[in-house]
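So this one's structure-v9.tsv, TSV, C-alpha atoms:
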```
chain	number	residue	atom	x	y	z
A	285	GLU	CA	-2.22	26.18	3.69
A	286	VAL	CA	-4.28	23.94	5.95
A	287	LYS	CA	-6.86	25.53	8.24
A	288	ASP	CA	-7.96	24.63	11.76
A	289	GLY	CA	-10.17	21.55	11.82
A	290	GLU	CA	-9.50	20.61	8.21
A	291	VAL	CA	-8.79	17.03	7.15
A	292	LEU	CA	-6.36	17.05	4.21
A	293	GLY	CA	-5.60	13.94	2.17
A	294	ILE	CA	-2.23	13.66	0.46
A	295	ILE	CA	-2.08	11.17	-2.42
A	296	GLY	CA	0.30	10.17	-5.20
A	297	ARG	CA	2.39	7.34	-6.55
A	298	ASN	CA	5.24	5.69	-4.65
A	299	GLY	CA	8.18	8.09	-4.58
A	300	ALA	CA	6.02	11.20	-5.09
A	301	GLY	CA	7.27	12.72	-1.83
A	302	LYS	CA	4.28	12.15	0.46
A	303	SER	CA	6.16	10.65	3.40
A	304	THR	CA	9.02	13.12	3.00
A	305	LEU	CA	6.53	16.00	3.18
A	306	LEU	CA	5.11	14.65	6.44
A	307	LYS	CA	8.60	14.23	7.89
A	308	ILE	CA	9.35	17.86	7.04
A	309	LEU	CA	6.07	19.04	8.58
A	310	SER	CA	6.82	16.95	11.68
A	311	ARG	CA	10.35	18.44	11.82
A	312	VAL	CA	11.94	15.03	11.54
A	313	THR	CA	13.67	16.15	8.32
A	314	ALA	CA	14.80	19.68	7.51
A	315	PRO	CA	13.64	21.13	4.17
A	316	THR	CA	16.28	21.79	1.51
A	317	LYS	CA	14.81	25.25	1.05
A	318	GLY	CA	11.71	27.20	2.01
A	319	HIS	CA	10.05	27.36	5.40
A	320	ILE	CA	7.07	26.03	7.34
A	321	LYS	CA	4.77	27.80	9.74
A	322	VAL	CA	2.98	25.54	12.21
A	323	ARG	CA	0.56	26.79	14.87
A	324	GLY	CA	-0.26	24.13	17.41
A	325	ARG	CA	1.12	20.93	18.84
A	326	VAL	CA	1.87	18.27	16.24
A	327	ALA	CA	1.57	14.52	16.89
A	328	SER	CA	2.93	12.30	14.11
A	329	LEU	CA	2.55	8.66	13.21
A	330	LEU	CA	5.11	8.08	10.48
A	331	GLU	CA	7.16	4.91	9.99
A	332	VAL	CA	6.48	1.93	12.23
A	333	GLY	CA	8.24	2.42	15.55
A	334	THR	CA	9.04	6.11	15.03
A	335	GLY	CA	9.34	7.83	18.41
A	336	PHE	CA	9.65	4.58	20.37
A	337	HIS	CA	12.73	3.48	22.26
A	338	SER	CA	13.11	-0.25	21.66
A	339	GLU	CA	14.52	-1.00	25.12
A	340	LEU	CA	11.68	0.76	26.96
A	341	THR	CA	8.35	-0.88	27.71
A	342	GLY	CA	5.06	0.12	26.14
A	343	ARG	CA	4.10	2.01	29.29
A	344	GLU	CA	7.41	3.89	29.39
A	345	ASN	CA	7.14	4.79	25.72
A	346	ILE	CA	3.66	6.24	26.26
A	347	TYR	CA	5.05	8.60	28.89
A	348	LEU	CA	8.07	9.36	26.72
A	349	ASN	CA	5.88	10.27	23.74
A	350	GLY	CA	3.70	12.39	25.98
A	351	ALA	CA	6.76	14.33	27.15
A	352	ILE	CA	7.89	14.79	23.54
A	353	ASN	CA	4.44	16.22	22.77
A	354	GLY	CA	4.69	18.70	25.65
A	355	MET	CA	2.48	16.90	28.18
A	356	ASP	CA	3.37	16.41	31.82
A	357	LYS	CA	3.14	13.10	33.67
A	358	LYS	CA	-0.30	13.78	35.17
A	359	GLU	CA	-1.82	14.59	31.76
A	360	VAL	CA	-0.48	11.36	30.28
A	361	ALA	CA	-1.64	9.33	33.30
A	362	LYS	CA	-5.22	10.53	32.72
A	363	LYS	CA	-5.10	9.18	29.18
A	364	LEU	CA	-3.16	5.97	29.89
A	365	ASP	CA	-6.09	3.56	30.29
A	366	GLU	CA	-7.82	4.95	27.20
A	367	ILE	CA	-4.64	4.59	25.13
A	368	VAL	CA	-3.99	1.02	26.30
A	369	ASP	CA	-7.60	-0.03	25.68
A	370	PHE	CA	-7.59	1.44	22.17
A	371	ALA	CA	-4.26	-0.21	21.27
A	372	GLY	CA	-5.24	-3.58	22.74
A	373	VAL	CA	-1.77	-4.21	24.18
A	374	GLU	CA	-2.67	-4.48	27.87
A	375	LYS	CA	-0.98	-7.87	28.26
A	376	PHE	CA	2.27	-6.51	26.89
A	377	LEU	CA	2.23	-3.03	28.42
A	378	ASP	CA	5.30	-3.72	30.55
A	379	THR	CA	7.15	-5.64	27.83
A	380	PRO	CA	9.97	-3.87	25.91
A	381	VAL	CA	8.59	-2.71	22.55
A	382	LYS	CA	11.46	-4.47	20.76
A	383	ARG	CA	9.40	-7.62	21.41
A	384	TYR	CA	6.33	-6.13	19.70
A	385	SER	CA	5.21	-7.12	16.23
A	386	SER	CA	4.90	-4.41	13.57
A	387	GLY	CA	1.13	-4.47	14.04
A	388	MET	CA	1.46	-3.89	17.79
A	389	HIS	CA	3.87	-1.01	17.10
A	390	VAL	CA	1.29	0.61	14.85
A	391	ARG	CA	-1.60	0.11	17.27
A	392	LEU	CA	0.29	1.62	20.18
A	393	GLY	CA	1.80	4.40	18.06
A	394	PHE	CA	-1.56	5.49	16.68
A	395	ALA	CA	-3.25	5.27	20.08
A	396	VAL	CA	-0.60	7.53	21.60
A	397	ALA	CA	-0.66	10.02	18.72
A	398	ALA	CA	-4.47	10.28	18.65
A	399	HIS	CA	-5.16	10.41	22.40
A	400	LEU	CA	-2.58	12.98	23.50
A	401	GLU	CA	-4.84	15.74	22.19
A	402	PRO	CA	-2.63	17.30	19.51
A	403	GLU	CA	-3.88	20.31	17.58
A	404	ILE	CA	-2.47	18.70	14.44
A	405	LEU	CA	-2.41	14.94	13.76
A	406	VAL	CA	-0.09	13.73	10.99
A	407	VAL	CA	-0.67	10.12	9.83
A	408	ASP	CA	1.30	8.23	7.19
A	409	GLU	CA	0.46	4.99	5.35
A	410	VAL	CA	1.57	2.89	8.33
A	411	LEU	CA	-2.08	2.06	9.11
A	412	ALA	CA	-1.84	-0.44	6.24
A	413	VAL	CA	0.19	-2.66	8.59
A	414	GLY	CA	-2.72	-3.06	10.98
A	415	ASP	CA	-5.58	-5.53	10.55
A	416	HIS	CA	-8.87	-4.52	8.92
A	417	ASP	CA	-10.79	-3.96	12.15
A	418	PHE	CA	-8.05	-1.77	13.55
A	419	GLN	CA	-7.89	0.29	10.35
A	420	LYS	CA	-11.64	0.97	10.65
A	421	LYS	CA	-11.12	1.88	14.29
A	422	CYS	CA	-8.34	4.32	13.36
A	423	LEU	CA	-10.40	5.98	10.62
A	424	THR	CA	-13.28	6.47	13.09
A	425	LYS	CA	-10.87	7.97	15.63
A	426	MET	CA	-9.41	10.35	13.04
A	427	GLY	CA	-12.95	11.43	12.19
A	428	ASP	CA	-13.57	12.08	15.90
A	429	VAL	CA	-10.35	14.11	16.13
A	430	ALA	CA	-11.41	16.19	13.14
A	431	SER	CA	-14.92	16.72	14.54
A	432	GLN	CA	-13.31	18.20	17.67
A	433	GLY	CA	-11.83	20.97	15.54
A	434	ARG	CA	-8.32	19.56	15.20
A	435	THR	CA	-6.38	19.34	11.97
A	436	VAL	CA	-5.51	16.01	10.32
A	437	LEU	CA	-3.00	15.40	7.52
A	438	PHE	CA	-3.55	11.94	6.09
A	439	VAL	CA	-1.30	10.12	3.59
A	440	SER	CA	-2.71	6.89	2.18
A	441	HIS	CA	-2.83	4.74	-0.96
A	442	ASN	CA	-6.30	3.65	0.12
A	443	LEU	CA	-8.29	6.16	-1.90
A	444	GLY	CA	-11.56	4.91	-0.42
A	445	SER	CA	-10.38	5.93	3.06
A	446	VAL	CA	-9.16	9.29	1.75
A	447	GLN	CA	-12.53	9.89	0.09
A	448	GLU	CA	-14.40	8.97	3.25
A	449	LEU	CA	-12.28	10.97	5.69
A	450	CYS	CA	-10.92	14.02	3.88
A	451	SER	CA	-12.73	17.15	2.78
A	452	ARG	CA	-9.83	18.29	0.62
A	453	ALA	CA	-6.85	16.59	-1.04
A	454	ILE	CA	-3.62	17.39	-2.82
A	455	LEU	CA	-1.85	15.25	-5.41
A	456	LEU	CA	1.95	15.07	-5.39
A	457	GLU	CA	4.22	14.00	-8.22
A	458	GLY	CA	8.01	14.22	-8.11
A	459	GLY	CA	7.94	16.27	-4.92
A	460	ARG	CA	5.57	18.90	-6.39
A	461	LYS	CA	1.90	19.62	-5.85
A	462	ILE	CA	0.17	19.14	-9.20
A	463	ARG	CA	-3.48	19.15	-8.09
A	464	GLU	CA	-5.45	20.53	-5.16
A	465	GLY	CA	-9.16	20.69	-4.45
A	466	GLU	CA	-12.21	18.71	-3.41
A	467	THR	CA	-11.24	15.13	-2.58
A	468	GLY	CA	-13.40	13.38	-5.17
A	469	GLU	CA	-12.17	15.65	-7.97
A	470	VAL	CA	-8.49	15.13	-7.09
A	471	ILE	CA	-8.93	11.34	-6.83
A	472	SER	CA	-10.70	11.24	-10.21
A	473	TYR	CA	-7.88	13.25	-11.79
A	474	TYR	CA	-5.28	10.95	-10.24
A	475	THR	CA	-6.92	7.69	-11.29
A	476	GLY	CA	-7.67	9.00	-14.77
A	477	ASN	CA	-4.16	10.36	-15.25
A	478	ARG	CA	-2.63	7.00	-14.41
A	479	MET	CA	-4.35	5.51	-17.44
A	480	ASN	CA	-1.95	7.47	-19.66
A	481	TYR	CA	0.64	4.83	-18.85
A	482	SER	CA	1.11	2.20	-21.52
A	483	PRO	CA	-0.55	-1.19	-20.96
A	484	GLU	CA	2.80	-2.71	-21.89
A	485	LYS	CA	5.66	-1.83	-19.58
A	486	ASP	CA	8.60	-3.19	-21.50
A	487	ALA	CA	11.99	-1.62	-22.04
A	488	ASP	CA	15.56	-2.34	-23.08
A	489	SER	CA	16.54	-1.79	-19.48
A	490	PRO	CA	14.80	-4.07	-16.94
A	491	LEU	CA	11.99	-2.77	-14.74
A	492	PHE	CA	13.78	-4.21	-11.76
A	493	GLU	CA	17.04	-6.09	-11.28
A	494	ASN	CA	19.20	-7.44	-8.50
A	495	ASN	CA	21.47	-10.47	-8.21
A	496	ILE	CA	18.45	-12.77	-7.80
A	497	VAL	CA	15.88	-11.76	-10.40
A	498	ARG	CA	15.39	-9.39	-13.33
A	499	LEU	CA	11.86	-8.21	-14.17
A	500	ILE	CA	11.80	-7.62	-17.93
A	501	GLY	CA	8.23	-6.76	-18.87
A	502	VAL	CA	4.63	-6.53	-17.69
A	503	ARG	CA	1.71	-6.16	-20.11
A	504	SER	CA	-2.08	-6.47	-20.25
A	505	LEU	CA	-3.27	-8.46	-23.27
A	506	THR	CA	-6.41	-9.42	-25.14
A	507	ALA	CA	-7.30	-13.05	-25.81
A	508	SER	CA	-5.48	-12.75	-29.16
A	509	GLY	CA	-2.28	-11.63	-27.40
A	510	GLU	CA	-2.39	-7.93	-28.34
A	511	ALA	CA	-1.32	-5.29	-25.78
A	512	CYS	CA	-4.42	-3.39	-24.68
A	513	ASN	CA	-5.61	-1.22	-21.82
A	514	THR	CA	-9.35	-1.03	-22.56
A	515	PHE	CA	-11.66	-4.01	-22.00
A	516	THR	CA	-15.36	-4.67	-21.47
A	517	VAL	CA	-16.70	-6.44	-18.40
A	518	ARG	CA	-17.25	-9.57	-20.54
A	519	ASP	CA	-13.66	-9.75	-21.85
A	520	ASN	CA	-11.01	-12.11	-20.59
A	521	ILE	CA	-8.00	-10.04	-19.52
A	522	TYR	CA	-4.50	-11.52	-19.58
A	523	VAL	CA	-1.71	-9.97	-17.51
A	524	GLN	CA	1.67	-11.29	-18.59
A	525	PHE	CA	4.96	-11.11	-16.72
A	526	GLU	CA	8.36	-11.74	-18.25
A	527	PHE	CA	11.24	-12.18	-15.85
A	528	GLU	CA	14.65	-13.82	-15.61
A	529	VAL	CA	15.97	-15.78	-12.65
A	530	LEU	CA	19.69	-15.13	-12.28
A	531	THR	CA	20.47	-17.36	-9.29
A	532	HIS	CA	19.04	-20.78	-8.50
A	533	ARG	CA	16.32	-20.45	-5.85
A	534	LYS	CA	14.42	-23.19	-4.07
A	535	LEU	CA	11.49	-20.81	-3.82
A	536	LEU	CA	10.75	-17.72	-5.92
A	537	GLU	CA	7.24	-16.37	-6.53
A	538	ILE	CA	5.80	-13.62	-8.66
A	539	HIS	CA	2.48	-12.19	-7.46
A	540	LEU	CA	-0.20	-10.16	-9.18
A	541	ILE	CA	-2.00	-7.73	-6.88
A	542	LEU	CA	-4.99	-6.02	-8.50
A	543	TRP	CA	-6.40	-2.71	-7.21
A	544	ASN	CA	-9.41	-0.70	-8.32
A	545	GLN	CA	-9.61	3.07	-8.76
A	546	ARG	CA	-10.34	3.55	-5.06
A	547	ASN	CA	-7.17	1.61	-4.26
A	548	GLU	CA	-9.14	-1.27	-2.81
A	549	ASN	CA	-7.49	-4.66	-3.20
A	550	ILE	CA	-9.55	-6.82	-5.57
A	551	LEU	CA	-7.44	-9.98	-5.79
A	552	ILE	CA	-4.02	-11.45	-5.22
A	553	ALA	CA	-2.86	-14.23	-7.55
A	554	TYR	CA	0.20	-16.34	-6.74
A	555	ASP	CA	2.47	-17.87	-9.34
A	556	GLU	CA	3.19	-21.00	-7.35
A	557	GLN	CA	2.23	-24.62	-6.91
A	558	ASN	CA	-0.83	-25.76	-5.05
A	559	LYS	CA	-0.54	-24.94	-1.35
A	560	SER	CA	-1.21	-28.58	-0.46
A	561	SER	CA	1.84	-29.69	-2.43
A	562	THR	CA	4.82	-30.79	-0.38
A	563	GLU	CA	7.19	-29.72	-3.15
A	564	THR	CA	8.82	-26.30	-3.15
A	565	ARG	CA	8.56	-23.79	-5.95
A	566	GLU	CA	12.05	-24.25	-7.42
A	567	ARG	CA	13.36	-21.75	-9.98
A	568	LYS	CA	16.39	-22.60	-12.07
A	569	PRO	CA	18.31	-19.80	-13.83
A	570	GLY	CA	16.59	-18.77	-17.06
A	571	LYS	CA	13.83	-16.63	-18.53
A	572	TYR	CA	10.19	-17.22	-17.64
A	573	ILE	CA	6.89	-15.95	-18.97
A	574	SER	CA	3.83	-16.28	-16.73
A	575	THR	CA	0.31	-15.18	-17.61
A	576	CYS	CA	-2.60	-14.53	-15.27
A	577	LYS	CA	-6.05	-14.88	-16.82
A	578	ILE	CA	-8.73	-12.66	-15.27
A	579	PRO	CA	-11.99	-14.10	-16.62
A	580	GLY	CA	-14.80	-12.04	-18.08
A	581	ASP	CA	-17.63	-11.16	-15.69
A	582	PHE	CA	-15.12	-11.00	-12.84
A	583	LEU	CA	-14.51	-7.22	-12.68
A	584	ASN	CA	-16.91	-4.31	-12.57
A	585	ASP	CA	-16.39	-1.30	-14.82
A	586	GLY	CA	-13.67	1.12	-13.69
A	587	ASN	CA	-9.93	1.77	-13.72
A	588	TYR	CA	-7.55	-0.91	-12.44
A	589	HIS	CA	-3.84	-1.13	-11.79
A	590	VAL	CA	-1.61	-4.15	-11.35
A	591	GLN	CA	1.03	-4.25	-8.68
A	592	VAL	CA	3.82	-6.76	-9.25
A	593	GLN	CA	5.54	-8.40	-6.30
A	594	VAL	CA	8.56	-10.70	-6.49
A	595	GLU	CA	9.62	-12.55	-3.36
A	596	ASP	CA	11.27	-15.69	-2.08
A	597	ASP	CA	11.26	-17.35	1.32
A	598	ILE	CA	13.58	-14.65	2.68
A	599	LYS	CA	12.27	-11.28	1.54
A	600	THR	CA	10.28	-9.25	-0.97
A	601	TYR	CA	12.57	-7.94	-3.70
A	602	PHE	CA	10.18	-5.78	-5.66
A	603	GLN	CA	6.68	-4.33	-5.40
A	604	GLU	CA	5.43	-1.62	-7.75
A	605	GLU	CA	2.52	-0.54	-9.93
A	606	LEU	CA	3.42	-1.38	-13.52
A	607	CYS	CA	0.28	-1.98	-15.54
A	608	PHE	CA	-2.99	-0.04	-15.88
A	609	PHE	CA	-6.21	-0.84	-17.73
A	610	VAL	CA	-9.86	0.23	-17.96
A	611	VAL	CA	-12.89	-2.06	-17.83
A	612	SER	CA	-16.11	-0.61	-19.27
A	613	ASP	CA	-19.63	-1.86	-18.65
A	614	SER	CA	-20.91	-3.69	-21.74
A	615	LYS	CA	-24.52	-3.26	-20.48
A	616	ASP	CA	-25.00	-6.99	-20.72
A	617	PRO	CA	-28.36	-7.79	-19.09
A	618	GLU	CA	-27.09	-11.09	-17.74
A	619	GLY	CA	-24.80	-9.26	-15.33
A	620	ALA	CA	-21.63	-10.58	-13.74
A	621	ARG	CA	-21.05	-14.20	-12.81
A	622	GLY	CA	-18.55	-15.70	-10.40
A	623	SER	CA	-15.37	-17.13	-11.92
A	624	THR	CA	-12.05	-18.58	-10.93
A	625	VAL	CA	-8.59	-17.12	-11.57
A	626	LEU	CA	-5.90	-19.31	-13.05
A	627	ILE	CA	-2.21	-18.72	-13.58
A	628	GLN	CA	-0.25	-20.52	-16.25
A	629	ASP	CA	2.66	-19.91	-18.54
A	630	SER	CA	2.44	-18.78	-22.17
A	631	GLN	CA	2.21	-22.40	-23.39
A	632	GLY	CA	-0.60	-23.25	-21.00
A	633	ASN	CA	1.66	-25.39	-18.84
A	634	TRP	CA	1.45	-25.64	-15.09
A	635	PRO	CA	3.73	-24.89	-13.38
A	636	PRO	CA	5.36	-22.35	-15.76
A	637	THR	CA	8.35	-23.70	-17.63
A	638	VAL	CA	11.72	-22.18	-18.50
A	639	VAL	CA	11.48	-20.45	-21.86
A	640	ARG	CA	15.17	-19.92	-22.56
A	641	PRO	CA	17.67	-21.50	-20.12
```
Could you quickly redo this structure as structure tokens?
Amino acid sequence: EVKDGEVLGIIGRNGAGKSTLLKILSRVTAPTKGHIKVRGRVASLLEVGTGFHSELTGRENIYLNGAINGMDKKEVAKKLDEIVDFAGVEKFLDTPVKRYSSGMHVRLGFAVAAHLEPEILVVDEVLAVGDHDFQKKCLTKMGDVASQGRTVLFVSHNLGSVQELCSRAILLEGGRKIREGETGEVISYYTGNRMNYSPEKDADSPLFENNIVRLIGVRSLTASGEACNTFTVRDNIYVQFEFEVLTHRKLLEIHLILWNQRNENILIAYDEQNKSSTETRERKPGKYISTCKIPGDFLNDGNYHVQVQVEDDIKTYFQEELCFFVVSDSKDPEGARGSTVLIQDSQGNWPPTVVRP
């Protein structure tokens, strides 16, 4: 149950059912069983481009979305300038939205959803597509909507934004609600519970596999090479990836994306050659081991999770959270110092070499 004027955050891992829940509440998808009672007009911002007709212009889509939300032409016309100004797409207002970038889709979609005065605003993770300034703008607007007594349902992996915006939160896992309550308490439970995962994700079956690449294992290690998920702020932390290239690729990269317990991006490390190099990152078939060293005095105390991304020059094949660890404050009076992040293979070579062809 969500009351009038309440801002509810919905959090959970990928595949927990967050987006599906919003689609059901927005009546895009019918529930398998059960029922929903909704009082008030619902405006939804789900997947990029949802509710837009690609052949229509931005202006025409604004009127179309207004009609879908039960507004007549005069009501939409009163809001048109405000919507266009917020979205920043004035130059392209009469251009078919099929020409828009994903960021422009999001800006216009959010502007329409937030300005057509819905009683209930449903927002999915799509704000992550927008730039930083626009995300801040959207969060401020959602706060304004909530302050006007309207209801907001907000799905996001950015726990900092959820904490800032939402008075209450629910945690989903496997399509079920497993926690509900004050936002800070639910976030703490979620981030703490994730630490139950092993620091070494390694199995007989690969973590990911297609006809290009097979991701075999991901593990956080101490300097001596032991799997570990608890470190002090002074410790060097090594995150190791083991993967197999199945098809020769002129370019194939594995990325480490590190997030803190508030789901704020701390760093992105690229397993590739120097950007100034004119050579491509060629991968011949075979097994590779790459290790990212995160130096001591680089991270503050807290919970961290590693997201692994594998991509080539065509597409991203895999992106998932696979490794979790805790950094505790060693109370060292010297404090933290700036450091660099290096990537190398298990033998210290650069670039990483084939282990077993």
To one decimal place, how far is CA of Asp408 in chain A from CA of Val429 in chain A in Å?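 Distance between the two atoms: 15.8 Å.
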A:Asn584, A:Leu329, A:Ala507, A:Ser472: which is nearest Asn349 in chain A, counting only C-alpha atoms? A:Leu329
Between CA of Leu330 in chain A and CA of Val368 in chain A - distance in Å to one decimal: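 Rounded to one decimal, the two atoms are 19.6 Å apart.
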Using only C-alpha atoms, pick whichever of A:Glu548, A:Glu595, A:Glu359, A:Asp613 has the shortest atom-to-atom distance to Gly444 in chain A. A:Glu548
Which is closest to Asn544 in chain A among A:Glu469, A:Asp585, A:Glu493, A:Glu510, if we use all atoms listed in the file?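 Counting all atoms listed in the file, the residue closest to Asn544 in chain A is A:Asp585.
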Have a look at A:Ala395, A:Leu292, A:Ile462, A:Val326 and name the one nearest to Gln419 in chain A; count all atoms listed in the file.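 Looking at the shortest contact to Gln419 in chain A, the residue is A:Ala395.
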Please report the interatomic distance between CA of Val517 in chain A and CA of Gly296 in chain A in Å with one decimal. 27.2 Å
Choose the residue, out of A:Gly393, A:Gly342, A:Gly570, A:Gly509, that has the smallest atom-to-atom separation from Ser328 in chain A; count all atoms listed in the file.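 Selected residue with least distance to Ser328 in chain A: A:Gly393.
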Do you know which residues lie at most 10 Å from (5.0, 3.7, 27.0), with coordinates as in the file and all atoms listed in the file counted, and could you write them as a CSV table (one decimal) with C-alpha atoms, in the coordinates of the input?
```
chain,number,residue,atom,x,y,z
A,336,PHE,CA,9.6,4.6,20.4
A,337,HIS,CA,12.7,3.5,22.3
A,340,LEU,CA,11.7,0.8,27.0
A,341,THR,CA,8.4,-0.9,27.7
A,342,GLY,CA,5.1,0.1,26.1
A,343,ARG,CA,4.1,2.0,29.3
A,344,GLU,CA,7.4,3.9,29.4
A,345,ASN,CA,7.1,4.8,25.7
A,346,ILE,CA,3.7,6.2,26.3
A,347,TYR,CA,5.0,8.6,28.9
A,348,LEU,CA,8.1,9.4,26.7
A,349,ASN,CA,5.9,10.3,23.7
A,350,GLY,CA,3.7,12.4,26.0
A,360,VAL,CA,-0.5,11.4,30.3
A,364,LEU,CA,-3.2,6.0,29.9
A,367,ILE,CA,-4.6,4.6,25.1
A,368,VAL,CA,-4.0,1.0,26.3
A,377,LEU,CA,2.2,-3.0,28.4
A,378,ASP,CA,5.3,-3.7,30.6
A,379,THR,CA,7.2,-5.6,27.8
A,380,PRO,CA,10.0,-3.9,25.9
A,381,VAL,CA,8.6,-2.7,22.6
A,392,LEU,CA,0.3,1.6,20.2
A,393,GLY,CA,1.8,4.4,18.1
A,396,VAL,CA,-0.6,7.5,21.6
```
With 5 Å of padding per side, what axis-aligned box (centre and edge lengths, Å, one decimal) covers all the listed atoms of range 337-340 of chain A? Give it as lines of an AutoDock Vina configuration file.
```
center_x = 13.1
center_y = 1.2
center_z = 24.3
size_x = 12.8
size_y = 14.5
size_z = 15.3
```
Taking only C-alpha atoms into account, which of A:Gly427, A:Gly301, A:Gly293, A:Pro569 comes nearest Gly468 in chain A? A:Gly293
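Non-sequential neighbours of Met426 in chain A (distance at most 9 Å, separation of 4 or more positions within a chain, only C-alpha atoms) are A:Val291, A:Ala398, A:Leu405, A:Lys421, A:Cys422, A:Ala430, A:Ser431, A:Val436, A:Leu449.
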